[in-house]
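Next comes target33.cif, with mmCIF, C-alpha atoms and all ligand atoms.
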data_coords
loop_
_atom_site.label_atom_id
_atom_site.label_comp_id
_atom_site.auth_asym_id
_atom_site.auth_seq_id
_atom_site.Cartn_x
_atom_site.Cartn_y
_atom_site.Cartn_z
CA MET E 95 17.62 36.23 -89.84
CA ARG E 96 13.85 36.54 -89.78
CA LYS E 97 11.93 33.61 -91.25
CA VAL E 98 9.84 34.74 -94.22
CA THR E 99 6.95 32.88 -95.84
CA PRO E 100 7.63 33.44 -99.56
CA VAL E 101 5.08 35.38 -101.60
CA LYS E 102 5.15 35.37 -105.41
CA ILE E 103 4.40 38.58 -107.29
CA GLY E 104 4.34 38.02 -111.03
CA ASN E 105 7.73 36.43 -111.75
CA LEU E 106 9.34 37.65 -108.49
CA VAL E 107 9.43 35.98 -105.09
CA LEU E 108 9.58 37.94 -101.86
CA ASP E 109 11.56 35.58 -99.67
CA GLY E 110 14.22 37.81 -98.13
CA LYS E 111 17.01 36.72 -100.48
CA HIS E 112 16.75 39.90 -102.54
CA ILE E 113 15.41 43.29 -101.52
CA TYR E 114 13.10 44.64 -104.22
CA VAL E 115 12.91 48.37 -104.98
CA GLN E 116 9.44 49.73 -105.68
CA SER E 117 7.94 53.00 -106.75
CA MET E 118 4.56 54.40 -107.66
CA LEU E 119 3.31 56.23 -110.73
CA ASN E 120 2.24 59.82 -110.05
CA VAL E 121 0.74 60.82 -113.40
CA ILE E 122 -3.00 61.56 -113.20
CA SER E 123 -4.90 58.31 -113.79
CA THR E 124 -6.84 59.71 -116.79
CA ASP E 125 -3.57 60.14 -118.74
CA ILE E 126 -2.86 56.64 -120.03
CA GLU E 127 0.00 57.63 -122.33
CA GLY E 128 1.67 59.66 -119.57
CA ASN E 129 1.45 56.74 -117.15
CA VAL E 130 2.88 54.29 -119.67
CA GLU E 131 5.73 56.68 -120.45
CA GLN E 132 6.52 57.14 -116.75
CA ALA E 133 6.31 53.38 -116.17
CA LYS E 134 8.91 52.89 -118.91
CA ARG E 135 11.22 55.46 -117.30
CA LEU E 136 10.86 53.77 -113.93
CA ARG E 137 11.58 50.37 -115.46
CA ALA E 138 14.71 51.80 -117.11
CA ALA E 139 15.80 53.23 -113.74
CA GLY E 140 15.65 49.72 -112.23
CA CYS E 141 12.22 49.79 -110.58
CA GLU E 142 11.34 46.16 -109.81
CA ILE E 143 7.74 46.46 -108.63
CA LEU E 144 5.46 49.27 -109.77
CA ARG E 145 2.29 50.55 -108.14
CA VAL E 146 -0.52 52.40 -109.83
CA SER E 147 -3.57 54.14 -108.31
CA ILE E 148 -6.90 52.76 -109.42
CA PRO E 149 -9.28 55.40 -108.06
CA ASP E 150 -12.22 54.58 -110.37
CA GLU E 151 -13.53 52.29 -113.11
CA ASN E 152 -11.89 54.38 -115.83
CA ALA E 153 -8.43 53.91 -114.35
CA LEU E 154 -8.68 50.13 -114.90
CA ARG E 155 -7.65 50.83 -118.51
CA LEU E 156 -4.19 51.61 -117.18
CA ILE E 157 -3.59 47.96 -116.25
CA PRO E 158 -3.44 46.42 -119.76
CA ALA E 159 -1.87 49.60 -121.17
CA ILE E 160 1.06 49.45 -118.71
CA LYS E 161 1.39 45.68 -118.67
CA ASN E 162 1.64 45.56 -122.47
CA GLU E 163 4.61 47.91 -122.43
CA VAL E 164 6.45 47.28 -119.16
CA ASP E 165 7.45 43.83 -117.96
CA ILE E 166 7.65 44.33 -114.19
CA PRO E 167 4.97 43.32 -111.68
CA LEU E 168 2.18 45.88 -111.43
CA VAL E 169 0.35 46.57 -108.17
CA ALA E 170 -3.12 48.15 -108.04
CA ASP E 171 -3.62 50.64 -105.23
CA ILE E 172 -7.24 50.36 -104.11
CA HIS E 173 -9.14 52.28 -101.48
CA PHE E 174 -12.78 51.99 -100.42
CA ASP E 175 -14.25 50.21 -103.48
CA TYR E 176 -13.70 46.45 -103.28
CA ARG E 177 -15.15 46.00 -106.79
CA LEU E 178 -12.14 47.83 -108.24
CA ALA E 179 -9.87 45.26 -106.56
CA ILE E 180 -11.84 42.43 -108.16
CA ARG E 181 -11.87 44.11 -111.57
CA SER E 182 -8.11 44.75 -111.32
CA ALA E 183 -7.58 41.05 -110.61
CA GLU E 184 -9.68 40.13 -113.63
CA MET E 185 -7.63 42.51 -115.78
CA GLY E 186 -4.34 40.82 -114.97
CA ILE E 187 -2.88 42.85 -112.12
CA ASP E 188 0.03 41.15 -110.30
CA LYS E 189 -0.74 42.32 -106.78
CA ILE E 190 -3.40 44.33 -104.96
CA ARG E 191 -2.68 46.86 -102.26
CA ILE E 192 -5.65 47.38 -100.00
CA ASN E 193 -6.35 48.37 -96.47
CA PRO E 194 -9.10 45.93 -95.46
CA GLY E 195 -10.10 48.51 -92.86
CA ASN E 196 -11.40 50.85 -95.53
CA ILE E 197 -12.71 48.20 -97.93
CA GLY E 198 -15.77 47.58 -95.75
CA SER E 199 -17.63 44.51 -94.54
CA GLU E 200 -16.21 41.04 -94.08
CA ASP E 201 -18.13 39.88 -97.18
CA ARG E 202 -16.30 42.40 -99.30
CA VAL E 203 -12.88 41.45 -97.95
CA ARG E 204 -13.78 37.81 -98.60
CA ALA E 205 -14.88 38.58 -102.17
CA VAL E 206 -11.50 40.23 -102.88
CA ALA E 207 -9.59 37.39 -101.17
CA ASP E 208 -11.51 34.73 -103.15
CA GLU E 209 -10.83 36.42 -106.47
CA CYS E 210 -7.13 36.89 -105.67
CA ARG E 211 -6.71 33.32 -104.43
CA LYS E 212 -8.26 31.97 -107.63
CA ARG E 213 -5.74 33.93 -109.68
CA HIS E 214 -2.70 33.57 -107.37
CA ILE E 215 -2.55 37.31 -106.83
CA PRO E 216 -1.03 38.43 -103.51
CA ILE E 217 -2.48 41.22 -101.41
CA ARG E 218 -0.48 43.86 -99.59
CA ILE E 219 -2.14 45.17 -96.50
CA GLY E 220 -1.08 48.79 -96.37
CA VAL E 221 -1.53 50.10 -92.85
CA ASN E 222 -0.93 53.85 -92.60
CA SER E 223 -0.80 55.96 -89.46
CA GLY E 224 -3.29 58.32 -91.14
CA SER E 225 -5.95 55.68 -91.73
CA LEU E 226 -6.06 53.55 -88.58
CA GLU E 227 -9.36 51.96 -87.55
CA LYS E 228 -11.43 54.03 -85.12
CA GLU E 229 -11.41 51.43 -82.35
CA ILE E 230 -7.61 51.05 -82.46
CA LEU E 231 -7.13 54.82 -82.36
CA GLU E 232 -9.51 55.02 -79.39
CA LYS E 233 -7.58 52.30 -77.59
CA TYR E 234 -4.11 53.80 -78.14
CA LYS E 235 -5.15 57.51 -78.33
CA SER E 236 -2.68 58.11 -81.19
CA PRO E 237 -1.13 56.07 -84.02
CA THR E 238 1.62 54.53 -81.87
CA ALA E 239 3.86 51.71 -83.05
CA GLU E 240 1.73 49.24 -81.04
CA ALA E 241 -1.41 50.62 -82.70
CA LEU E 242 0.06 50.19 -86.19
CA CYS E 243 1.19 46.67 -85.32
CA GLU E 244 -2.17 45.70 -83.86
CA SER E 245 -3.96 47.04 -86.92
CA GLY E 246 -1.62 45.06 -89.19
CA LEU E 247 -2.16 41.83 -87.24
CA LYS E 248 -5.92 42.38 -87.28
CA GLU E 249 -5.91 42.87 -91.04
CA ILE E 250 -3.73 39.80 -91.54
CA LYS E 251 -6.23 37.79 -89.50
CA ALA E 252 -9.13 39.15 -91.56
CA LEU E 253 -7.53 37.77 -94.72
CA GLU E 254 -6.36 34.54 -93.08
CA ASP E 255 -9.91 33.96 -91.85
CA CYS E 256 -10.89 33.94 -95.51
CA GLY E 257 -8.29 31.22 -96.12
CA PHE E 258 -5.97 33.72 -97.83
CA GLU E 259 -2.24 33.45 -97.18
CA ASP E 260 -0.37 35.36 -99.92
CA ILE E 261 -0.04 38.44 -97.78
CA VAL E 262 2.54 41.23 -97.74
CA ILE E 263 2.27 43.89 -95.07
CA SER E 264 3.41 47.46 -94.58
CA LEU E 265 3.04 49.65 -91.48
CA LYS E 266 3.90 53.13 -92.64
CA SER E 267 4.18 56.22 -90.52
CA SER E 268 5.67 59.61 -91.31
CA ASP E 269 7.34 59.43 -87.90
CA VAL E 270 10.60 57.56 -88.48
CA LYS E 271 11.08 56.20 -84.95
CA ARG E 272 7.49 55.04 -84.78
CA MET E 273 7.76 53.34 -88.15
CA ILE E 274 10.94 51.51 -87.12
CA GLU E 275 9.36 50.36 -83.88
CA ALA E 276 6.14 49.23 -85.58
CA TYR E 277 7.99 47.08 -88.14
CA ARG E 278 10.21 45.62 -85.41
CA LEU E 279 7.13 44.64 -83.42
CA ILE E 280 5.32 43.02 -86.31
CA SER E 281 8.45 41.28 -87.60
CA GLU E 282 8.44 39.21 -84.42
CA ARG E 283 4.79 38.26 -84.79
CA THR E 284 4.37 37.32 -88.42
CA SER E 285 6.40 35.66 -91.16
CA HIS E 286 4.60 37.44 -94.00
CA PRO E 287 6.98 39.53 -96.13
CA LEU E 288 7.28 43.19 -95.16
CA HIS E 289 7.21 46.15 -97.51
CA LEU E 290 9.14 49.00 -95.89
CA GLY E 291 8.56 52.69 -96.21
CA VAL E 292 8.29 55.98 -94.38
CA THR E 293 5.07 57.55 -95.57
CA GLU E 294 4.75 61.21 -96.53
CA ALA E 295 8.51 61.39 -96.02
CA GLY E 296 8.71 64.81 -97.65
CA THR E 297 10.63 66.52 -100.42
CA TYR E 298 13.85 65.12 -101.82
CA LYS E 299 16.41 65.89 -99.13
CA MET E 300 14.47 65.22 -95.93
CA GLY E 301 12.52 62.40 -97.57
CA LEU E 302 15.76 60.70 -98.44
CA ILE E 303 17.21 61.18 -94.97
CA LYS E 304 14.08 59.92 -93.21
CA SER E 305 13.78 56.92 -95.53
CA ALA E 306 17.47 56.07 -95.25
CA ILE E 307 17.20 56.05 -91.46
CA GLY E 308 13.86 54.23 -91.30
CA ILE E 309 14.32 51.69 -94.08
CA GLY E 310 18.06 51.39 -93.46
CA SER E 311 17.72 50.63 -89.75
CA LEU E 312 15.26 47.84 -90.45
CA LEU E 313 17.18 46.34 -93.36
CA SER E 314 20.36 46.27 -91.31
CA ASP E 315 18.41 44.25 -88.71
CA GLY E 316 17.42 41.78 -91.43
CA ILE E 317 13.84 43.09 -91.57
CA GLY E 318 12.14 43.86 -94.90
CA GLU E 319 11.79 42.26 -98.32
CA THR E 320 10.82 45.24 -100.45
CA VAL E 321 11.22 49.00 -100.09
CA ARG E 322 9.81 52.26 -101.34
CA VAL E 323 11.53 55.56 -100.69
CA SER E 324 8.55 57.88 -100.80
CA LEU E 325 9.49 61.35 -102.10
CA THR E 326 7.53 64.42 -103.12
CA ASP E 327 9.43 64.37 -106.41
CA ASP E 328 9.90 62.47 -109.67
CA PRO E 329 9.41 58.76 -108.84
CA VAL E 330 12.58 57.94 -110.80
CA LYS E 331 14.40 59.60 -107.90
CA GLU E 332 12.60 57.22 -105.52
CA VAL E 333 14.06 54.26 -107.38
CA GLU E 334 17.57 55.74 -107.43
CA ALA E 335 17.26 56.55 -103.73
CA GLY E 336 16.07 53.00 -102.98
CA TYR E 337 19.20 51.59 -104.56
CA ASP E 338 21.37 54.16 -102.81
CA VAL E 339 20.01 53.00 -99.45
CA LEU E 340 20.73 49.38 -100.40
CA ARG E 341 24.18 50.36 -101.69
CA ALA E 342 25.02 52.18 -98.47
CA LEU E 343 24.25 48.94 -96.62
CA GLY E 344 26.21 46.80 -99.08
CA MET E 345 22.99 45.01 -100.06
CA THR E 346 23.16 45.55 -103.79
CA GLY E 347 25.80 45.34 -106.49
CA GLY E 348 27.19 48.22 -108.49
CA VAL E 349 29.85 50.81 -107.90
CA LYS E 350 30.27 52.21 -104.41
CA ILE E 351 31.94 55.62 -104.29
CA VAL E 352 34.13 56.60 -101.36
CA SER E 353 35.13 60.25 -101.39
CA CYS E 354 36.72 62.43 -98.76
CA PRO E 355 35.07 65.61 -97.46
CA THR E 356 38.04 67.71 -98.67
CA CYS E 357 40.06 69.96 -96.37
CA GLY E 358 42.82 72.55 -96.41
CA ARG E 359 45.14 70.07 -98.18
CA THR E 360 42.86 69.77 -101.24
CA LYS E 361 44.37 71.44 -104.32
CA ILE E 362 42.04 70.20 -107.07
CA ASP E 363 38.29 70.58 -107.70
CA LEU E 364 37.55 67.36 -105.85
CA ILE E 365 33.89 68.11 -105.26
CA GLY E 366 33.30 68.53 -109.00
CA LEU E 367 35.40 65.48 -109.79
CA ALA E 368 33.66 63.23 -107.25
CA ASN E 369 30.27 64.16 -108.72
CA LYS E 370 31.51 63.47 -112.24
CA VAL E 371 32.92 60.08 -111.19
CA GLU E 372 29.64 59.19 -109.49
CA ASN E 373 27.64 60.07 -112.63
CA ALA E 374 30.03 58.23 -114.92
CA CYS E 375 29.78 55.11 -112.72
CA LYS E 376 25.96 55.05 -112.62
CA GLY E 377 25.40 52.46 -115.34
CA ILE E 378 28.38 50.26 -114.44
CA ASN E 379 27.39 46.84 -113.18
CA LYS E 380 30.56 45.91 -111.26
CA ASP E 381 30.75 45.25 -107.54
CA ILE E 382 33.65 47.61 -106.89
CA THR E 383 34.57 50.47 -104.60
CA VAL E 384 36.01 53.59 -106.20
CA ALA E 385 37.80 56.17 -104.05
CA VAL E 386 38.00 59.86 -104.93
CA MET E 387 40.35 61.47 -102.42
CA GLY E 388 41.64 64.98 -102.05
CA CYS E 389 45.33 64.45 -101.35
CA VAL E 390 48.21 62.12 -101.97
CA VAL E 391 49.37 62.20 -98.37
CA ASN E 392 46.30 60.56 -96.89
CA GLY E 393 44.26 59.64 -99.95
CA PRO E 394 45.47 56.16 -100.92
CA GLY E 395 45.88 55.22 -97.28
CA GLU E 396 42.36 56.29 -96.35
CA ALA E 397 41.01 54.53 -99.40
CA ARG E 398 42.86 51.25 -98.84
CA GLU E 399 39.55 49.41 -98.88
CA ALA E 400 38.82 50.64 -102.40
CA ASP E 401 39.51 48.66 -105.57
CA ILE E 402 40.60 51.69 -107.53
CA GLY E 403 40.73 55.43 -107.07
CA LEU E 404 42.44 58.71 -107.43
CA ALA E 405 44.07 61.09 -105.03
CA GLY E 406 44.50 64.76 -105.83
CA GLY E 407 47.80 66.65 -105.95
CA ASP E 408 48.53 70.24 -106.97
CA GLY E 409 46.52 70.48 -110.20
CA CYS E 410 47.08 66.79 -110.79
CA ALA E 411 46.07 63.40 -109.46
CA VAL E 412 47.54 59.96 -108.97
CA ILE E 413 45.53 56.94 -110.00
CA PHE E 414 45.87 53.92 -107.74
CA LYS E 415 44.65 50.37 -107.79
CA LYS E 416 44.47 48.83 -104.32
CA ASP E 417 47.88 49.71 -102.84
CA LYS E 418 49.62 50.21 -106.17
CA ILE E 419 50.08 53.63 -107.78
CA LEU E 420 49.43 53.36 -111.53
CA GLY E 421 50.57 56.84 -112.52
CA LYS E 422 50.21 60.59 -112.31
CA VAL E 423 47.82 62.53 -114.57
CA SER E 424 46.70 66.16 -114.93
CA GLU E 425 43.48 67.23 -113.20
CA ASP E 426 41.74 67.46 -116.60
CA GLU E 427 42.73 63.93 -117.58
CA ALA E 428 41.89 62.35 -114.22
CA LEU E 429 38.26 61.43 -114.90
CA GLY E 430 38.99 59.86 -118.31
CA VAL E 431 41.97 57.83 -117.09
CA LEU E 432 40.15 56.62 -113.98
CA MET E 433 37.14 55.50 -116.04
CA LYS E 434 39.42 53.62 -118.48
CA GLU E 435 41.01 51.76 -115.56
CA ILE E 436 37.56 50.95 -114.15
CA GLU E 437 36.59 49.50 -117.53
CA LYS E 438 39.57 47.12 -117.31
CA LEU E 439 38.49 45.71 -113.91
S1 LIG N 1 42.02 62.72 -98.00
FE1 LIG N 1 43.43 64.45 -97.85
S2 LIG N 1 42.26 66.15 -98.68
FE2 LIG N 1 40.79 64.57 -98.21
S3 LIG N 1 40.09 65.07 -96.16
FE3 LIG N 1 41.72 63.57 -95.95
S4 LIG N 1 43.55 64.83 -95.65
FE4 LIG N 1 41.98 66.20 -96.47
#
Do you think you could lay out the structure here as structure tokens?
Ligand code: SF4
Amino acid sequence: MRKVTPVKIGNLVLDGKHIYVQSMLNVISTDIEGNVEQAKRLRAAGCEILRVSIPDENALRLIPAIKNEVDIPLVADIHFDYRLAIRSAEMGIDKIRINPGNIGSEDRVRAVADECRKRHIPIRIGVNSGSLEKEILEKYKSPTAEALCESGLKEIKALEDCGFEDIVISLKSSDVKRMIEAYRLISERTSHPLHLGVTEAGTYKMGLIKSAIGIGSLLSDGIGETVRVSLTDDPVKEVEAGYDVLRALGMTGGVKIVSCPTCGRTKIDLIGLANKVENACKGINKDITVAVMGCVVNGPGEAREADIGLAGGDGCAVIFKKDKILGKVSEDEALGVLMKEIEKL
């Protein structure tokens, strides 16, 4: 397991013991009410760290407005204007995301670091393949994994030279393999917590696939303390997708659904039923595996690892708990009976 130097963000600690799911508000920054409303929806969906763009002085009003209504750490996304980072710190932000490379001179980086140190506010260095420093791009010719890593290490050093240590780092690329390689490289060279993400991952389906591969590969290697599944979609879906990636790796609690792909033996609407079971299980906070299988011949056997489940018959289904068959029900009753049994667990 990689050694991580803990970093505190509001009331959370990034130390590798828990993987935090993040998202970012996408309502225009002039719409305070809209941002607060979206922040509340994200909080309700389980978002644990929330980022907001602060593109100008006016947007600073979002910080108290959101913080008064939503009790999760808020991160200010700052580009170019170091004064906005300082003002965000003064207004109670929990973390600043900057790319020192586009903040400007050493003096400006130092001014941000001094203000954040005074207030115990961590800084995330957000290196992106699209915004690498000119000299690094010239050296590597393109935003390779080594280039991203070198940029990250250089930015870490810039903050450390200012005596600043509360650093989180991300090295995002829209190229999944490059992103994986970059994080692997930097994970061996720094103990600062890593925020994982595939940038500009795309619309829902491909974005989810790319993020699951990129973030999932790293998490399964023990790399990464916080994640964002970046999607061109409603950010609530980013949060749900973040948990789905963690669930697929067995890194978070909640119900895990196992369902078969169906085949010529399937005689019930298993696809519909599996989707209904998944929806019905969404809010359930139990660490269980539920199997939804298409046939009685192979179903319970294939789902032996599950805690509870159903297997379809001809217009009916059997409900089973581990190896034990509890009873036979009609297709229409199956969902209700299964959910009642899940309640009892
Ligand atoms: S569980 Fe039964 S219905 Fe589902 S794929 Fe296997 S054999 Fe086919």
Please tabulate, as CSV, the residues of segment 205-286 of chain E that come within 12 Å of segment 302-322 of chain E, each with its closest pair of atoms and the distance in Å to one decimal, counting only C-alpha atoms and ordering rows by chain, then residue number upward.
residue,atom,partner,partner_atom,distance
E:Arg218,CA,E:Thr320,CA,11.4
E:Val262,CA,E:Glu319,CA,9.3
E:Ile263,CA,E:Gly318,CA,9.9
E:Ser264,CA,E:Gly318,CA,9.4
E:Leu265,CA,E:Gly318,CA,11.3
E:Lys266,CA,E:Gly308,CA,10.1
E:Ser267,CA,E:Gly308,CA,9.9
E:Ser268,CA,E:Lys304,CA,8.6
E:Asp269,CA,E:Lys304,CA,8.6
E:Val270,CA,E:Gly308,CA,5.4
E:Lys271,CA,E:Gly308,CA,7.2
E:Arg272,CA,E:Gly308,CA,9.2
E:Met273,CA,E:Gly308,CA,6.9
E:Ile274,CA,E:Gly308,CA,5.8
E:Glu275,CA,E:Leu312,CA,9.2
E:Ala276,CA,E:Leu312,CA,10.4
E:Tyr277,CA,E:Leu312,CA,7.7
E:Arg278,CA,E:Leu312,CA,7.5
E:Leu279,CA,E:Ile317,CA,10.7
E:Ile280,CA,E:Ile317,CA,10.0
E:Ser281,CA,E:Ile317,CA,6.9
E:Glu282,CA,E:Ile317,CA,9.8
E:Thr284,CA,E:Ile317,CA,11.5
E:Ser285,CA,E:Ile317,CA,10.5
E:His286,CA,E:Glu319,CA,9.7
(request) Please provide the set of residues having any atom within 9 Å of Glu244 of chain E, restricted to only C-alpha atoms, with same-chain residues fewer than 5 positions apart removed, written as a PyMOL selection string. (result) chain E and resi 230+239+249+280
(request) Measure the distance from atom CA of Ala139 of chain E to atom CA of Lys438 of chain E in Å and round it to one decimal. (result) 24.8 Å
Residues of segment 316-383 of chain E that approach segment 419-432 of chain E to 12 Å or less, counting all atoms listed in the file: could you list each one with the shortest pair of atoms and its distance in Å to one decimal, rows by chain and increasing residue number, as CSV?
residue,atom,partner,partner_atom,distance
E:Lys361,CA,E:Glu425,CA,9.9
E:Ile362,CA,E:Glu425,CA,7.0
E:Asp363,CA,E:Glu425,CA,8.3
E:Leu364,CA,E:Glu425,CA,9.4
E:Gly366,CA,E:Leu429,CA,10.5
E:Leu367,CA,E:Leu429,CA,7.1
E:Ala368,CA,E:Leu429,CA,9.1
E:Asn369,CA,E:Leu429,CA,10.5
E:Lys370,CA,E:Leu429,CA,7.5
E:Val371,CA,E:Leu429,CA,6.6
E:Glu372,CA,E:Leu429,CA,10.4
E:Asn373,CA,E:Leu429,CA,10.9
E:Ala374,CA,E:Leu429,CA,8.8
E:Cys375,CA,E:Leu432,CA,10.6
Write a file of the selected residues as a PDB file, in the coordinates of the input, keeping C-alpha atoms.
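Saved the output as out.pdb:
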ATOM      1  CA  LYS E 361      44.370  71.440-104.320  1.00  0.00           C
ATOM      2  CA  ILE E 362      42.040  70.200-107.070  1.00  0.00           C
ATOM      3  CA  ASP E 363      38.290  70.580-107.700  1.00  0.00           C
ATOM      4  CA  LEU E 364      37.550  67.360-105.850  1.00  0.00           C
ATOM      5  CA  GLY E 366      33.300  68.530-109.000  1.00  0.00           C
ATOM      6  CA  LEU E 367      35.400  65.480-109.790  1.00  0.00           C
ATOM      7  CA  ALA E 368      33.660  63.230-107.250  1.00  0.00           C
ATOM      8  CA  ASN E 369      30.270  64.160-108.720  1.00  0.00           C
ATOM      9  CA  LYS E 370      31.510  63.470-112.240  1.00  0.00           C
ATOM     10  CA  VAL E 371      32.920  60.080-111.190  1.00  0.00           C
ATOM     11  CA  GLU E 372      29.640  59.190-109.490  1.00  0.00           C
ATOM     12  CA  ASN E 373      27.640  60.070-112.630  1.00  0.00           C
ATOM     13  CA  ALA E 374      30.030  58.230-114.920  1.00  0.00           C
ATOM     14  CA  CYS E 375      29.780  55.110-112.720  1.00  0.00           C
TER      15      CYS E 375
END
Each chain E residue no farther than 9 Å from ligand LIG 1 (chain N), nearest pair in Å, all atoms listed in the file, as a tab-separated table:
residue	atom	partner	partner_atom	distance
E:Ser353	CA	N:LIG1	FE2	7.8
E:Cys354	CA	N:LIG1	FE2	4.6
E:Pro355	CA	N:LIG1	S3	5.2
E:Thr356	CA	N:LIG1	S3	4.2
E:Cys357	CA	N:LIG1	FE4	4.2
E:Gly358	CA	N:LIG1	FE4	6.4
E:Arg359	CA	N:LIG1	S2	4.9
E:Thr360	CA	N:LIG1	S2	4.5
E:Lys361	CA	N:LIG1	S2	8.0
E:Leu364	CA	N:LIG1	S2	8.7
E:Val386	CA	N:LIG1	S1	8.5
E:Met387	CA	N:LIG1	S1	4.9
E:Gly388	CA	N:LIG1	S2	3.6
E:Cys389	CA	N:LIG1	FE1	4.0
E:Val390	CA	N:LIG1	FE1	6.7
E:Val391	CA	N:LIG1	FE1	6.4
E:Asn392	CA	N:LIG1	S1	4.9
E:Gly393	CA	N:LIG1	S1	4.3
E:Pro394	CA	N:LIG1	S1	8.0
E:Gly395	CA	N:LIG1	S1	8.5
E:Glu396	CA	N:LIG1	S1	6.6
E:Ala397	CA	N:LIG1	S1	8.4
E:Ala405	CA	N:LIG1	S1	7.5
E:Gly406	CA	N:LIG1	S2	7.6
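Taking all atoms listed in the file into account, the protein, DNA and RNA residues within 10 Å of (-10.8, 47.7, -91.8) read Phe174, Ile192, Asn193, Pro194, Gly195, Asn196, Ile197, Gly198, Ser199, Glu200, Val203, Val221, Ser225, Leu226, Glu227, Lys228, Ser245, Gly246, Lys248, Glu249 and Ala252 of chain E.
Residue nearest Ala138 of chain E within the list E:Gly377, E:Gly336, E:Gly407, E:Gly257: E:Gly377 [criterion: smallest interatomic distance, all atoms listed in the file].
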Find the residues around Ile126 of chain E up to 9 Å (only C-alpha atoms counted), leave out those fewer than 6 positions away in its own chain, and share them as a CSV table (one decimal) with C-alpha atoms, in the coordinates of the input.
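Saved result, result27.csv, follows:
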chain,number,residue,atom,x,y,z
E,153,ALA,CA,-8.4,53.9,-114.4
E,155,ARG,CA,-7.6,50.8,-118.5
E,156,LEU,CA,-4.2,51.6,-117.2
E,159,ALA,CA,-1.9,49.6,-121.2
E,160,ILE,CA,1.1,49.4,-118.7
(request) Determine the nearest neighbour of Arg96 of chain E from the options E:Leu231, E:Lys161, E:Leu288, E:Met345, counting all atoms listed in the file. (result) E:Leu288
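Proximity of E:Gly110, E:Pro329, E:Gly104, E:Pro149 to Lys189 of chain E, computed with all atoms listed in the file, is greatest for E:Gly104.
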(message) For segment 179-188 of chain E, find every residue with an atom within 12 Å (counting only C-alpha atoms), except residues of its own chain fewer than 6 positions away, and show them as a VMD selection string.
(response) chain E and resid 101 to 107 143 to 162 165 to 173 194 197 202 to 218 260
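Among the candidate residues E:Ala241, E:Ile219, E:Leu404, E:Leu178, the one lying nearest to Glu254 of chain E is E:Ile219, with distances computed using all atoms listed in the file.
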(request) May I ask which of the residues E:Met300, E:Ile413, E:Ile190, E:Ala400 is the closest one to Ile261 of chain E, counting all atoms listed in the file? (result) E:Ile190
Could you add whatever atoms are missing so that segment 286-298 of chain E carries N, CA and C atoms, then write the result as a PDB file, keeping the file's coordinate frame?
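Dumped to selection-v1.pdb:
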ATOM      1  N   HIS E 286       4.933  36.890 -92.682  1.00  0.00           N
ATOM      2  CA  HIS E 286       4.600  37.440 -94.000  1.00  0.00           C
ATOM      3  C   HIS E 286       5.653  38.472 -94.399  1.00  0.00           C
ATOM      4  N   PRO E 287       5.982  38.549 -95.701  1.00  0.00           N
ATOM      5  CA  PRO E 287       6.980  39.530 -96.130  1.00  0.00           C
ATOM      6  C   PRO E 287       6.550  40.959 -95.789  1.00  0.00           C
ATOM      7  N   LEU E 288       7.559  41.798 -95.543  1.00  0.00           N
ATOM      8  CA  LEU E 288       7.280  43.190 -95.160  1.00  0.00           C
ATOM      9  C   LEU E 288       7.748  44.147 -96.251  1.00  0.00           C
ATOM     10  N   HIS E 289       6.855  45.067 -96.580  1.00  0.00           N
ATOM     11  CA  HIS E 289       7.210  46.150 -97.510  1.00  0.00           C
ATOM     12  C   HIS E 289       7.507  47.378 -96.649  1.00  0.00           C
ATOM     13  N   LEU E 290       8.723  47.901 -96.768  1.00  0.00           N
ATOM     14  CA  LEU E 290       9.140  49.000 -95.890  1.00  0.00           C
ATOM     15  C   LEU E 290       8.990  50.368 -96.540  1.00  0.00           C
ATOM     16  N   GLY E 291       8.590  51.324 -95.728  1.00  0.00           N
ATOM     17  CA  GLY E 291       8.560  52.690 -96.210  1.00  0.00           C
ATOM     18  C   GLY E 291       8.205  53.665 -95.099  1.00  0.00           C
ATOM     19  N   VAL E 292       8.714  54.881 -95.253  1.00  0.00           N
ATOM     20  CA  VAL E 292       8.290  55.980 -94.380  1.00  0.00           C
ATOM     21  C   VAL E 292       7.283  56.745 -95.216  1.00  0.00           C
ATOM     22  N   THR E 293       6.078  56.898 -94.731  1.00  0.00           N
ATOM     23  CA  THR E 293       5.070  57.550 -95.570  1.00  0.00           C
ATOM     24  C   THR E 293       5.163  59.067 -95.454  1.00  0.00           C
ATOM     25  N   GLU E 294       4.704  59.742 -96.502  1.00  0.00           N
ATOM     26  CA  GLU E 294       4.750  61.210 -96.530  1.00  0.00           C
ATOM     27  C   GLU E 294       6.108  61.699 -96.010  1.00  0.00           C
ATOM     28  N   ALA E 295       7.169  61.105 -96.543  1.00  0.00           N
ATOM     29  CA  ALA E 295       8.510  61.390 -96.020  1.00  0.00           C
ATOM     30  C   ALA E 295       8.950  62.822 -96.328  1.00  0.00           C
ATOM     31  N   GLY E 296       8.378  63.405 -97.377  1.00  0.00           N
ATOM     32  CA  GLY E 296       8.710  64.810 -97.650  1.00  0.00           C
ATOM     33  C   GLY E 296       9.402  65.009 -98.985  1.00  0.00           C
ATOM     34  N   THR E 297       9.947  66.193 -99.168  1.00  0.00           N
ATOM     35  CA  THR E 297      10.630  66.520-100.420  1.00  0.00           C
ATOM     36  C   THR E 297      11.990  65.814-100.438  1.00  0.00           C
ATOM     37  N   TYR E 298      12.701  65.980-101.557  1.00  0.00           N
ATOM     38  CA  TYR E 298      13.850  65.120-101.820  1.00  0.00           C
ATOM     39  C   TYR E 298      14.818  64.926-100.649  1.00  0.00           C
TER      40      TYR E 298
END
